[in-house]
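Participant: The following file, input_24.cif, comprises mmCIF, C-alpha atoms:
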data_protein
loop_
_atom_site.label_atom_id
_atom_site.label_comp_id
_atom_site.auth_asym_id
_atom_site.auth_seq_id
_atom_site.Cartn_x
_atom_site.Cartn_y
_atom_site.Cartn_z
CA SER I 1 -21.09 -3.30 -3.20
CA PHE I 2 -22.35 -0.74 -0.69
CA LEU I 3 -25.30 -2.92 0.39
CA THR I 4 -22.88 -5.72 1.34
CA SER I 5 -19.97 -3.43 2.35
CA ARG I 6 -17.71 -5.61 0.18
CA ARG I 7 -15.73 -4.38 -2.79
CA PRO I 8 -16.27 -5.63 -6.37
CA ASP I 9 -13.16 -7.82 -6.37
CA THR I 10 -14.60 -9.57 -3.30
CA THR I 11 -18.18 -9.96 -4.49
CA LYS I 12 -16.93 -10.87 -8.00
CA LEU I 13 -19.71 -8.71 -9.37
CA TRP I 14 -18.44 -6.60 -12.26
CA ASP I 15 -21.68 -6.90 -14.21
CA VAL I 16 -25.38 -7.59 -13.57
CA HIS I 17 -25.47 -11.23 -14.68
CA TYR I 18 -24.67 -13.11 -11.47
CA TYR I 19 -26.24 -13.35 -8.01
CA TRP I 20 -23.60 -12.74 -5.36
CA ARG I 21 -25.12 -15.22 -2.89
CA LYS I 22 -24.39 -17.99 -5.39
CA SER I 23 -21.31 -16.67 -7.19
CA ALA I 24 -19.34 -15.17 -4.29
CA GLY I 25 -20.77 -15.81 -0.83
CA ASN I 26 -23.96 -15.72 1.21
CA TYR I 27 -23.15 -12.27 2.55
CA THR I 28 -25.40 -10.45 5.01
CA THR I 29 -26.64 -7.16 3.55
CA LEU I 30 -27.29 -3.83 5.23
CA PRO I 31 -31.11 -4.22 5.36
CA GLN I 32 -30.75 -7.90 6.27
CA TYR I 33 -28.58 -7.01 9.27
CA PHE I 34 -31.20 -4.56 10.53
CA LYS I 35 -33.95 -7.09 9.89
CA GLU I 36 -32.07 -9.73 11.90
CA HIS I 37 -31.84 -7.25 14.76
CA GLY I 38 -35.56 -6.62 15.02
CA TYR I 39 -36.18 -3.95 12.39
CA HIS I 40 -38.97 -4.07 9.80
CA THR I 41 -37.30 -3.47 6.42
CA GLU I 42 -38.97 -2.37 3.20
CA SER I 43 -37.72 -1.53 -0.27
CA PHE I 44 -39.32 0.96 -2.64
CA GLY I 45 -37.95 1.27 -6.15
CA LYS I 46 -34.45 0.34 -7.25
CA ILE I 47 -32.49 -0.49 -4.10
CA PHE I 48 -31.03 -3.80 -5.24
CA HIS I 49 -30.67 -3.94 -9.02
CA PRO I 50 -33.62 -6.08 -10.18
CA GLY I 51 -33.10 -9.33 -12.06
CA ILE I 52 -30.67 -12.20 -11.72
CA VAL I 53 -28.09 -10.05 -9.90
CA SER I 54 -30.44 -9.99 -6.89
CA GLY I 55 -31.81 -13.52 -7.31
CA LYS I 56 -34.81 -12.36 -9.38
CA THR I 57 -36.50 -11.45 -6.08
CA THR I 58 -34.58 -8.21 -5.33
CA ASP I 59 -33.11 -10.26 -2.46
CA TYR I 60 -36.40 -11.07 -0.76
CA PRO I 61 -36.87 -12.51 1.84
CA TYR I 62 -33.23 -12.25 2.95
CA SER I 63 -33.12 -8.45 3.10
CA TRP I 64 -36.76 -7.43 3.31
CA SER I 65 -39.66 -8.05 5.68
CA VAL I 66 -42.18 -7.79 2.83
CA PRO I 67 -41.82 -8.18 -0.96
CA PRO I 68 -40.11 -5.10 -2.47
CA TYR I 69 -42.23 -2.57 -4.33
CA LEU I 70 -41.13 -1.95 -7.91
CA PRO I 71 -43.13 0.77 -9.71
CA SER I 72 -45.14 -0.20 -12.76
CA THR I 73 -43.58 2.74 -14.59
CA GLN I 74 -40.37 0.70 -14.90
CA GLN I 75 -41.88 -0.59 -18.16
CA TYR I 76 -41.48 2.87 -19.70
CA LYS I 77 -37.72 2.99 -19.23
CA MET I 78 -35.93 3.71 -22.53
CA LYS I 79 -39.22 3.53 -24.45
CA LYS I 80 -41.05 6.02 -26.62
CA VAL I 81 -43.59 7.41 -24.19
CA CYS I 82 -46.36 9.85 -25.03
CA PRO I 83 -49.47 11.07 -23.23
CA GLY I 84 -52.60 9.37 -24.50
CA ALA I 85 -56.29 9.61 -23.73
CA ARG I 86 -57.23 10.62 -20.17
CA GLY I 87 -53.60 11.23 -19.26
CA LYS I 88 -52.56 7.60 -19.73
CA LEU I 89 -49.10 6.87 -21.03
CA GLN I 90 -48.62 4.94 -24.24
CA MET I 91 -45.51 3.08 -25.32
CA ASN I 92 -43.93 2.64 -28.74
CA VAL I 93 -46.01 5.25 -30.50
CA VAL I 94 -44.96 8.14 -32.71
CA CYS I 95 -44.94 11.23 -30.51
CA PRO I 96 -46.66 14.26 -32.05
CA VAL I 97 -43.83 16.55 -30.92
CA ASN I 98 -40.44 17.64 -32.13
CA VAL I 99 -38.14 15.80 -29.72
CA SER I 100 -35.26 18.15 -30.48
CA THR I 101 -37.19 20.93 -28.68
CA GLN I 102 -38.83 18.87 -25.94
CA PRO I 103 -36.48 18.44 -22.96
CA GLU I 104 -38.93 16.17 -21.19
CA HIS I 105 -37.89 13.40 -23.59
CA THR I 106 -34.25 13.54 -22.53
CA LEU I 107 -34.55 12.52 -18.90
CA PRO I 108 -31.91 9.90 -18.06
CA ASP I 109 -33.45 6.79 -16.54
CA ILE I 110 -36.44 8.52 -14.99
CA GLN I 111 -39.51 6.28 -14.85
CA SER I 112 -41.79 9.11 -15.92
CA THR I 113 -45.47 9.48 -15.23
CA GLN I 114 -47.53 12.12 -16.92
CA HIS I 115 -47.48 14.17 -13.71
CA ALA I 116 -43.70 13.99 -13.44
CA VAL I 117 -43.20 14.99 -17.08
CA GLN I 118 -45.53 17.98 -16.74
CA PHE I 119 -43.95 18.98 -13.42
CA ILE I 120 -40.42 18.79 -14.77
CA GLU I 121 -41.31 20.59 -17.99
CA LYS I 122 -42.76 23.44 -15.95
CA LEU I 123 -39.68 23.58 -13.72
CA SER I 124 -37.41 23.65 -16.78
CA LYS I 125 -39.14 26.29 -18.84
CA GLU I 126 -40.77 28.64 -16.36
CA LYS I 127 -39.10 28.47 -12.98
CA LEU I 128 -35.68 27.21 -12.15
CA TYR I 129 -33.74 26.49 -15.32
CA PRO I 130 -34.48 28.74 -18.34
CA LEU I 131 -32.68 27.32 -21.35
CA ASP I 132 -30.88 30.58 -22.09
CA GLU I 133 -29.24 30.35 -18.65
CA ILE I 134 -28.00 26.78 -19.05
CA LYS I 135 -24.23 26.58 -19.40
CA LEU I 136 -22.18 23.77 -20.91
CA ALA I 137 -19.54 22.01 -18.83
CA LYS I 138 -16.38 24.07 -18.33
CA PHE I 139 -14.40 21.54 -20.37
CA HIS I 140 -16.92 20.02 -22.79
CA THR I 141 -14.49 18.68 -25.39
CA LYS I 142 -12.54 15.41 -25.37
CA PRO I 143 -9.14 15.85 -23.66
CA ARG I 144 -6.03 15.26 -25.76
CA GLY I 145 -4.29 13.16 -23.11
CA LEU I 146 -7.20 10.83 -22.39
CA PRO I 147 -6.40 7.12 -22.95
CA SER I 148 -8.94 5.50 -25.28
CA VAL I 149 -9.56 2.69 -22.77
CA ALA I 150 -10.88 5.26 -20.28
CA TRP I 151 -13.56 6.50 -22.67
CA ASN I 152 -17.21 5.84 -21.83
CA PRO I 153 -19.08 5.97 -25.20
CA TRP I 154 -22.50 6.45 -23.50
CA THR I 155 -24.25 3.74 -25.51
CA ASP I 156 -27.21 3.92 -23.11
CA LEU I 157 -27.98 7.44 -24.34
CA ARG I 158 -27.47 6.40 -27.95
CA GLU I 159 -30.26 3.84 -27.61
CA ARG I 160 -32.82 6.59 -26.97
CA ASP I 161 -34.88 7.69 -29.96
CA ASP I 162 -34.19 11.39 -29.48
CA VAL I 163 -30.41 10.91 -29.28
CA LYS I 164 -30.42 8.32 -32.05
CA SER I 165 -32.11 10.81 -34.35
CA LEU I 166 -29.12 13.13 -33.97
CA ASN I 167 -26.92 10.57 -35.78
CA VAL I 168 -24.00 11.25 -33.44
CA SER I 169 -20.78 9.52 -34.50
CA PHE I 170 -19.45 6.59 -32.44
CA PRO I 171 -17.63 6.50 -30.08
CA PHE I 172 -16.76 10.12 -29.30
CA GLY I 173 -19.52 12.28 -30.73
CA PRO I 174 -19.91 15.08 -29.77
CA ILE I 175 -23.59 15.73 -29.11
CA PRO I 176 -24.72 19.06 -30.61
CA GLU I 177 -24.43 21.89 -28.11
CA HIS I 178 -28.10 22.88 -28.26
CA PHE I 179 -29.09 19.32 -27.38
CA GLN I 180 -26.52 19.21 -24.59
CA LYS I 181 -28.26 22.20 -23.01
CA LEU I 182 -31.64 20.50 -23.28
CA MET I 183 -30.31 17.41 -21.51
CA ILE I 184 -28.65 19.45 -18.77
CA GLN I 185 -31.82 21.50 -18.30
CA SER I 186 -33.97 18.40 -17.97
CA TYR I 187 -31.50 16.67 -15.66
CA TYR I 188 -31.49 19.66 -13.32
CA ALA I 189 -35.28 19.79 -13.39
CA SER I 190 -35.59 16.07 -12.62
CA VAL I 191 -33.33 16.54 -9.59
CA SER I 192 -35.56 19.38 -8.38
CA TYR I 193 -38.59 17.15 -8.86
CA VAL I 194 -36.99 14.47 -6.68
CA ASP I 195 -36.05 17.17 -4.17
CA ASN I 196 -39.71 18.13 -3.94
CA LEU I 197 -40.67 14.49 -3.32
CA LEU I 198 -38.07 14.31 -0.55
CA GLY I 199 -39.76 17.32 1.01
CA GLU I 200 -43.01 15.39 1.07
CA VAL I 201 -41.27 12.49 2.85
CA PHE I 202 -39.78 14.78 5.51
CA ALA I 203 -43.12 16.54 5.96
CA ALA I 204 -44.77 13.16 6.53
CA LEU I 205 -42.13 12.21 9.12
CA GLU I 206 -42.76 15.46 10.95
CA LYS I 207 -46.54 15.09 10.78
CA LYS I 208 -46.33 11.57 12.21
CA GLY I 209 -44.03 12.75 15.01
CA MET I 210 -41.18 10.55 13.75
CA SER I 211 -38.61 13.14 12.65
CA GLY I 212 -37.04 13.24 16.10
CA ASN I 213 -36.10 9.56 16.15
CA THR I 214 -35.41 8.81 12.48
CA ILE I 215 -31.92 8.60 10.97
CA THR I 216 -31.94 9.71 7.33
CA LEU I 217 -29.18 9.06 4.80
CA LEU I 218 -29.42 10.43 1.28
CA THR I 219 -27.02 9.10 -1.35
CA GLY I 220 -26.75 7.57 -4.81
CA ASP I 221 -24.79 4.62 -6.17
CA HIS I 222 -23.07 6.60 -8.93
CA GLY I 223 -22.56 10.10 -10.27
CA TRP I 224 -23.45 11.31 -13.75
CA ALA I 225 -21.48 13.09 -16.46
CA LEU I 226 -23.26 16.05 -18.04
CA GLY I 227 -20.90 16.80 -20.90
CA GLU I 228 -17.66 17.08 -18.93
CA ASN I 229 -14.83 16.13 -21.29
CA GLN I 230 -17.49 15.34 -23.94
CA GLU I 231 -18.70 12.49 -21.71
CA TRP I 232 -22.20 11.53 -20.59
CA SER I 233 -23.69 8.83 -18.38
CA LYS I 234 -21.89 6.94 -15.59
CA PHE I 235 -19.68 4.09 -16.81
CA SER I 236 -16.19 5.34 -15.99
CA ASN I 237 -13.62 6.06 -13.27
CA PHE I 238 -13.84 9.84 -13.53
CA GLU I 239 -14.54 12.03 -10.51
CA VAL I 240 -17.89 13.16 -11.87
CA THR I 241 -19.21 9.59 -12.07
CA THR I 242 -17.61 8.03 -8.99
CA ARG I 243 -18.39 10.87 -6.57
CA VAL I 244 -21.91 10.81 -5.12
CA PRO I 245 -24.06 12.93 -2.80
CA LEU I 246 -23.96 11.93 0.87
CA LEU I 247 -26.14 13.70 3.42
CA VAL I 248 -26.79 12.31 6.89
CA SER I 249 -29.29 13.49 9.49
CA VAL I 250 -29.06 12.00 12.99
CA PRO I 251 -31.38 13.32 15.72
CA GLY I 252 -29.39 14.60 18.66
CA LEU I 253 -26.13 14.58 16.73
CA THR I 254 -26.34 16.55 13.48
CA GLY I 255 -28.74 19.31 14.53
CA LYS I 256 -32.43 20.01 14.74
CA PRO I 257 -34.61 17.79 12.52
CA LEU I 258 -36.21 19.39 9.48
CA SER I 259 -39.26 21.44 10.40
CA GLY I 260 -41.74 23.74 8.76
CA THR I 261 -41.49 21.75 5.55
CA ARG I 262 -43.79 23.06 2.88
CA LYS I 263 -45.23 20.89 0.14
CA TYR I 264 -45.06 22.44 -3.31
CA SER I 265 -46.74 21.54 -6.55
CA SER I 266 -46.09 22.44 -10.16
CA SER I 267 -49.11 24.75 -10.06
CA ASP I 268 -47.78 26.75 -7.10
CA LYS I 269 -47.07 30.22 -8.50
CA ASP I 270 -44.55 30.90 -5.73
CA TRP I 271 -42.55 27.69 -6.28
CA PRO I 272 -39.75 27.72 -5.40
CA ASP I 273 -39.76 30.22 -2.54
CA ARG I 274 -36.08 30.36 -1.64
CA SER I 275 -36.87 32.26 1.54
CA MET I 276 -38.16 28.95 2.95
CA VAL I 277 -34.71 27.37 2.76
CA GLN I 278 -33.02 27.01 6.16
CA ASP I 279 -29.37 26.31 6.90
CA ASN I 280 -30.62 23.90 9.61
CA GLN I 281 -27.23 23.83 11.29
CA TYR I 282 -25.70 21.83 8.46
CA LYS I 283 -22.04 20.86 8.80
CA ILE I 284 -19.68 19.76 6.06
CA THR I 285 -16.74 17.39 6.44
CA ASN I 286 -14.07 16.91 3.81
CA GLY I 287 -13.02 13.48 5.04
CA LEU I 288 -12.78 10.83 2.31
CA VAL I 289 -15.59 8.27 2.55
CA GLU I 290 -16.83 5.41 0.37
CA LEU I 291 -20.15 3.70 -0.21
CA VAL I 292 -18.82 0.60 1.56
CA ASP I 293 -18.70 2.80 4.69
CA ILE I 294 -22.48 3.28 4.82
CA PHE I 295 -23.29 -0.17 6.23
CA PRO I 296 -20.94 0.04 9.26
CA SER I 297 -21.86 3.71 9.83
CA LEU I 298 -25.61 3.09 10.04
CA VAL I 299 -24.98 0.09 12.29
CA GLU I 300 -23.03 2.24 14.72
CA LEU I 301 -25.54 5.10 14.60
CA ALA I 302 -28.38 2.68 15.40
CA GLY I 303 -26.48 1.16 18.31
CA LEU I 304 -26.28 -2.33 16.79
CA PRO I 305 -23.30 -4.69 17.22
CA ILE I 306 -20.32 -3.17 15.39
CA LEU I 307 -19.08 -4.87 12.21
CA LYS I 308 -15.55 -6.26 12.16
CA THR I 309 -13.18 -5.61 9.27
CA CYS I 310 -13.13 -8.47 6.76
CA PRO I 311 -9.98 -10.62 6.71
CA GLN I 312 -7.99 -11.03 3.51
CA THR I 313 -10.16 -14.01 2.52
CA SER I 314 -13.77 -13.60 3.58
CA PHE I 315 -15.84 -15.72 1.20
CA ASN I 316 -17.08 -17.90 4.07
CA ILE I 317 -17.72 -15.01 6.47
CA THR I 318 -21.30 -13.77 6.30
CA ILE I 319 -20.93 -10.53 8.29
CA CYS I 320 -17.94 -8.17 8.03
CA THR I 321 -17.03 -4.90 6.33
CA GLU I 322 -14.45 -3.68 3.84
CA GLY I 323 -15.21 -0.12 4.85
CA CYS I 324 -15.27 1.69 8.17
CA SER I 325 -17.81 3.76 10.08
CA PHE I 326 -17.67 7.49 9.35
CA VAL I 327 -19.42 8.34 12.64
CA PRO I 328 -16.14 9.84 13.96
CA LEU I 329 -16.20 12.30 11.03
CA ILE I 330 -19.75 13.32 11.93
CA LYS I 331 -18.74 13.85 15.53
CA ASN I 332 -15.69 15.84 14.42
CA ALA I 333 -17.94 18.14 12.41
CA THR I 334 -20.56 18.60 15.13
CA SER I 335 -18.49 18.57 18.30
CA PRO I 336 -16.40 21.48 19.63
CA HIS I 337 -13.71 18.94 20.48
CA THR I 338 -11.65 16.82 18.09
CA VAL I 339 -12.87 13.23 18.25
CA ILE I 340 -10.44 11.71 15.75
CA LYS I 341 -7.17 12.96 14.28
CA ASN I 342 -6.44 10.33 11.67
CA TRP I 343 -8.72 9.33 8.83
CA LYS I 344 -8.62 7.46 5.52
CA SER I 345 -5.74 8.51 3.31
CA ALA I 346 -7.45 7.34 0.12
CA VAL I 347 -10.60 5.85 -1.38
CA PHE I 348 -10.98 3.46 -4.32
CA SER I 349 -13.15 2.63 -7.31
CA GLN I 350 -12.87 0.37 -10.36
CA TYR I 351 -14.46 -0.26 -13.73
CA PRO I 352 -13.93 -2.97 -16.40
CA ARG I 353 -13.46 -2.65 -20.15
CA PRO I 354 -13.66 -5.30 -22.90
CA SER I 355 -10.83 -3.79 -24.95
CA LEU I 356 -8.36 -0.94 -25.20
CA GLN I 357 -10.44 0.86 -27.82
CA PRO I 358 -14.10 1.85 -27.26
CA GLU I 359 -16.58 -0.81 -28.35
CA THR I 360 -20.37 -1.04 -28.25
CA ASP I 361 -20.13 -2.99 -24.98
CA SER I 362 -17.44 -0.80 -23.37
CA ASP I 363 -19.95 0.76 -21.00
CA GLN I 364 -21.35 -2.48 -19.59
CA PRO I 365 -19.16 -5.44 -20.56
CA ARG I 366 -19.89 -8.88 -19.18
CA ALA I 367 -17.18 -10.09 -16.81
CA VAL I 368 -16.39 -13.01 -19.14
CA ASP I 369 -15.77 -10.52 -21.96
CA SER I 370 -13.66 -8.08 -19.96
CA ARG I 371 -9.95 -7.83 -20.74
CA VAL I 372 -9.00 -4.68 -18.82
CA MET I 373 -9.74 -3.49 -15.28
CA GLY I 374 -9.44 0.18 -14.41
CA TYR I 375 -8.41 0.75 -10.78
CA SER I 376 -8.69 4.29 -9.43
CA ILE I 377 -7.40 5.80 -6.18
CA ARG I 378 -8.57 9.18 -4.88
CA THR I 379 -6.64 11.15 -2.24
CA ASP I 380 -7.22 14.64 -0.91
CA SER I 381 -5.23 16.09 -3.79
CA HIS I 382 -5.25 13.67 -6.74
CA ARG I 383 -7.09 10.98 -8.65
CA TYR I 384 -4.85 8.31 -10.15
CA THR I 385 -6.08 5.47 -12.40
CA GLU I 386 -4.34 2.47 -13.93
CA TRP I 387 -5.82 0.24 -16.63
CA ILE I 388 -4.57 -3.29 -15.93
CA GLN I 389 -4.69 -6.57 -17.83
CA PHE I 390 -7.67 -8.66 -16.64
CA TYR I 391 -8.03 -12.43 -17.09
CA PRO I 392 -11.70 -13.39 -17.47
CA ASN I 393 -11.00 -17.12 -17.18
CA ASN I 394 -10.09 -16.81 -13.48
CA PHE I 395 -11.04 -13.18 -12.71
CA THR I 396 -7.52 -12.06 -11.80
CA VAL I 397 -5.35 -9.15 -12.92
CA ASN I 398 -1.75 -8.78 -13.99
CA TRP I 399 -0.43 -5.69 -12.19
CA ASN I 400 2.75 -5.87 -14.24
CA ASN I 401 0.88 -5.13 -17.45
CA VAL I 402 -0.34 -1.53 -17.25
CA TYR I 403 -2.02 -0.41 -20.47
CA ALA I 404 -2.61 3.23 -19.50
CA ARG I 405 -2.32 5.70 -16.63
CA GLU I 406 -4.25 8.82 -15.65
CA LEU I 407 -3.41 11.46 -13.03
CA TYR I 408 -5.62 14.45 -12.29
CA SER I 409 -5.20 17.20 -9.72
CA GLN I 410 -8.38 17.52 -7.67
CA VAL I 411 -7.19 20.92 -6.44
CA THR I 412 -6.89 22.63 -9.83
CA ASP I 413 -8.69 20.23 -12.20
CA SER I 414 -11.84 18.84 -10.62
CA GLU I 415 -13.24 17.88 -14.05
CA ASP I 416 -10.33 15.51 -14.81
CA HIS I 417 -9.43 17.31 -18.03
CA HIS I 418 -5.63 17.48 -17.87
CA ASN I 419 -3.96 14.07 -17.62
CA LEU I 420 -0.64 14.61 -15.85
CA ALA I 421 0.50 10.97 -15.77
CA SER I 422 3.14 11.39 -18.48
CA ASP I 423 4.36 14.78 -17.28
CA PRO I 424 7.92 14.35 -15.89
CA ARG I 425 7.15 16.84 -13.13
CA TYR I 426 4.62 14.41 -11.62
CA LEU I 427 6.55 11.14 -11.87
CA ASP I 428 7.12 11.05 -8.11
CA ILE I 429 3.39 11.44 -7.42
CA VAL I 430 2.58 8.76 -10.01
CA HIS I 431 5.03 6.36 -8.37
CA LYS I 432 3.71 6.97 -4.85
CA LEU I 433 0.07 6.58 -5.90
CA ALA I 434 0.86 3.46 -7.93
CA VAL I 435 2.34 1.88 -4.82
CA LYS I 436 -0.61 2.98 -2.73
CA LEU I 437 -3.04 1.63 -5.32
CA ARG I 438 -1.41 -1.79 -5.16
CA GLN I 439 -1.39 -1.78 -1.37
CA GLY I 440 -5.17 -1.41 -1.57
CA TRP I 441 -7.89 -0.22 0.75
CA ARG I 442 -6.55 -1.89 3.90
CA ALA I 443 -3.44 0.28 3.91
CA ALA I 444 -5.61 3.39 3.60
CA LEU I 445 -7.80 2.65 6.63
CA PRO I 446 -7.52 5.17 9.47
CA LEU I 447 -5.65 4.60 12.69
CA LEU I 448 -8.55 5.31 15.00
CA ASN I 449 -6.62 7.11 17.71
CA GLN I 450 -9.18 8.64 20.04
CA THR I 451 -8.26 11.82 21.88
#
What is this file in structure tokens?
Facilitator:
Amino acid sequence: SFLTSRRPDTTKLWDVHYYWRKSAGNYTTLPQYFKEHGYHTESFGKIFHPGIVSGKTTDYPYSWSVPPYLPSTQQYKMKKVCPGARGKLQMNVVCPVNVSTQPEHTLPDIQSTQHAVQFIEKLSKEKLYPLDEIKLAKFHTKPRGLPSVAWNPWTDLRERDDVKSLNVSFPFGPIPEHFQKLMIQSYYASVSYVDNLLGEVFAALEKKGMSGNTITLLTGDHGWALGENQEWSKFSNFEVTTRVPLLVSVPGLTGKPLSGTRKYSSSDKDWPDRSMVQDNQYKITNGLVELVDIFPSLVELAGLPILKTCPQTSFNITICTEGCSFVPLIKNATSPHTVIKNWKSAVFSQYPRPSLQPETDSDQPRAVDSRVMGYSIRTDSHRYTEWIQFYPNNFTVNWNNVYARELYSQVTDSEDHHNLASDPRYLDIVHKLAVKLRQGWRAALPLLNQT
């Protein structure tokens, strides 16, 4: 969705079993647009989801100047992996360790190498995240007012040997608290490992003299639940899974490029040296943005021809956007003068379900098996979600058949624990957000009144 700047109901991609160029339209992608305007584009790792959903070529040669690089360690995903002779990794062998006490075996979706596992284990146990300091989520039990259709039963975690050995009940669990802490500890450590790798990238940019003319955008395509509301993984409409990191560095606009970057290793006795951290003139904006905004934003920042907003029907239009550039927000945050007064009033997400009760395919149902679509709208103050009847025969929804509603205050309940949708005191808010949800993203776009 964010690589085409088109929303799921436009791309008709609610699963990973269809290639959008054949099933929806031959849309121009973000890297393709840059490539067509003279840039050399390369892909390392999982940019497009591999497989049929990207034409079994990860969209080469449309989007990329050279064939994408996919690491060989992809083969270790969700497999039993143990160090073997000479540091080599072996698959599908009995590990000579007690997995209940080894947090390195609980890393979600990390394509581990022996170096990464050792690095992360050291970070977990000795440096950043001692187990006795790990805290469970503030609300780590299933909420009473949660509709069953909203539940994400984290079947991806259940497929792992270490989680499977816990014999956790389906669909709600919970996972034992000691194991929750191990997973949280390892997740934090894996993020710090990636952070260290990012430092190496920035150091290389500086060494090559490229940091002063390189735009950098750091983001992810989903969040991750770490026990909030007894949930794990990413297959839901909750704030914790739909909200993602978004950091942008633009030379000459967002401050001085990163400098003095130090490369650390797991053997560095002073790692991490927090005195090395610089504020680097960072600015924060609270404006609501979406992943579909990234494409038009990078286009504007690079000085390429601006994307036009997609019309209501855009299947035959190769280049347009269903987002809008957030460059005005960056300028608002970095300029002493107000650049823009009005901004998006809401942002949107959605997720399908095969049934009203949790099933083994609730996390990742095929579109042809989906019967419910969850539409979520997020404003400055609330998140509101409706679970609507979905017709898989023609991929449409019946807005008159609402199976369940959720309303969460993002001011007082950022973990989406207290569902206010049935509370009479919030009926007016529910009604207003229901109307806004049906009006859709176009009605939420900003009126770009320049001052």
Participant: Name every residue that the PyMOL selection byres ((chain I and resi 358-361) around 8) selects in this structure, writing the answer as a list of chain:residue names with chains first and numbers rising.
Facilitator: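 Applied to this file, the PyMOL selection byres ((chain I and resi 358-361) around 8) selects I:Ser148, I:Val149, I:Trp151, I:Asn152, I:Pro153, I:Thr155, I:Pro171, I:Pro354, I:Ser355, I:Leu356, I:Gln357, I:Ser362, I:Asp363, I:Gln364, I:Pro365.
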Participant: Please determine the residues with any atom at most 12 Å from (-10.0, -8.3, -22.1) (coordinates as given in the file, with only C-alpha atoms counting) and report them as an MDAnalysis selection string.
Facilitator: chainID I and resid 149 352:357 359 361:362 365:374 387:393 395:398 403
Participant: Run the PyMOL selection byres ((chain I and resi 302-312) around 12) mentally over the shown coordinates, then write out the matched residues as a PDB file with C-alpha atoms, in the coordinates of the input, using the chain letters and numbers from the document.
Facilitator:
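Final output, result-v4.pdb:
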ATOM      1  CA  THR I   4     -22.880  -5.720   1.340  1.00  0.00           C
ATOM      2  CA  SER I   5     -19.970  -3.430   2.350  1.00  0.00           C
ATOM      3  CA  ARG I   6     -17.710  -5.610   0.180  1.00  0.00           C
ATOM      4  CA  ARG I   7     -15.730  -4.380  -2.790  1.00  0.00           C
ATOM      5  CA  ASP I   9     -13.160  -7.820  -6.370  1.00  0.00           C
ATOM      6  CA  THR I  10     -14.600  -9.570  -3.300  1.00  0.00           C
ATOM      7  CA  TYR I  27     -23.150 -12.270   2.550  1.00  0.00           C
ATOM      8  CA  THR I  28     -25.400 -10.450   5.010  1.00  0.00           C
ATOM      9  CA  THR I  29     -26.640  -7.160   3.550  1.00  0.00           C
ATOM     10  CA  LEU I  30     -27.290  -3.830   5.230  1.00  0.00           C
ATOM     11  CA  TYR I  33     -28.580  -7.010   9.270  1.00  0.00           C
ATOM     12  CA  PHE I  34     -31.200  -4.560  10.530  1.00  0.00           C
ATOM     13  CA  LYS I  35     -33.950  -7.090   9.890  1.00  0.00           C
ATOM     14  CA  GLU I  36     -32.070  -9.730  11.900  1.00  0.00           C
ATOM     15  CA  HIS I  37     -31.840  -7.250  14.760  1.00  0.00           C
ATOM     16  CA  GLY I  38     -35.560  -6.620  15.020  1.00  0.00           C
ATOM     17  CA  TYR I  39     -36.180  -3.950  12.390  1.00  0.00           C
ATOM     18  CA  ASN I 213     -36.100   9.560  16.150  1.00  0.00           C
ATOM     19  CA  THR I 214     -35.410   8.810  12.480  1.00  0.00           C
ATOM     20  CA  ILE I 215     -31.920   8.600  10.970  1.00  0.00           C
ATOM     21  CA  THR I 216     -31.940   9.710   7.330  1.00  0.00           C
ATOM     22  CA  VAL I 250     -29.060  12.000  12.990  1.00  0.00           C
ATOM     23  CA  PRO I 251     -31.380  13.320  15.720  1.00  0.00           C
ATOM     24  CA  VAL I 292     -18.820   0.600   1.560  1.00  0.00           C
ATOM     25  CA  ASP I 293     -18.700   2.800   4.690  1.00  0.00           C
ATOM     26  CA  ILE I 294     -22.480   3.280   4.820  1.00  0.00           C
ATOM     27  CA  PHE I 295     -23.290  -0.170   6.230  1.00  0.00           C
ATOM     28  CA  PRO I 296     -20.940   0.040   9.260  1.00  0.00           C
ATOM     29  CA  SER I 297     -21.860   3.710   9.830  1.00  0.00           C
ATOM     30  CA  LEU I 298     -25.610   3.090  10.040  1.00  0.00           C
ATOM     31  CA  VAL I 299     -24.980   0.090  12.290  1.00  0.00           C
ATOM     32  CA  GLU I 300     -23.030   2.240  14.720  1.00  0.00           C
ATOM     33  CA  LEU I 301     -25.540   5.100  14.600  1.00  0.00           C
ATOM     34  CA  THR I 313     -10.160 -14.010   2.520  1.00  0.00           C
ATOM     35  CA  SER I 314     -13.770 -13.600   3.580  1.00  0.00           C
ATOM     36  CA  PHE I 315     -15.840 -15.720   1.200  1.00  0.00           C
ATOM     37  CA  ASN I 316     -17.080 -17.900   4.070  1.00  0.00           C
ATOM     38  CA  ILE I 317     -17.720 -15.010   6.470  1.00  0.00           C
ATOM     39  CA  THR I 318     -21.300 -13.770   6.300  1.00  0.00           C
ATOM     40  CA  ILE I 319     -20.930 -10.530   8.290  1.00  0.00           C
ATOM     41  CA  CYS I 320     -17.940  -8.170   8.030  1.00  0.00           C
ATOM     42  CA  THR I 321     -17.030  -4.900   6.330  1.00  0.00           C
ATOM     43  CA  GLU I 322     -14.450  -3.680   3.840  1.00  0.00           C
ATOM     44  CA  GLY I 323     -15.210  -0.120   4.850  1.00  0.00           C
ATOM     45  CA  CYS I 324     -15.270   1.690   8.170  1.00  0.00           C
ATOM     46  CA  SER I 325     -17.810   3.760  10.080  1.00  0.00           C
ATOM     47  CA  VAL I 327     -19.420   8.340  12.640  1.00  0.00           C
ATOM     48  CA  GLY I 440      -5.170  -1.410  -1.570  1.00  0.00           C
ATOM     49  CA  TRP I 441      -7.890  -0.220   0.750  1.00  0.00           C
ATOM     50  CA  ARG I 442      -6.550  -1.890   3.900  1.00  0.00           C
ATOM     51  CA  LEU I 445      -7.800   2.650   6.630  1.00  0.00           C
TER      52      LEU I 445
END
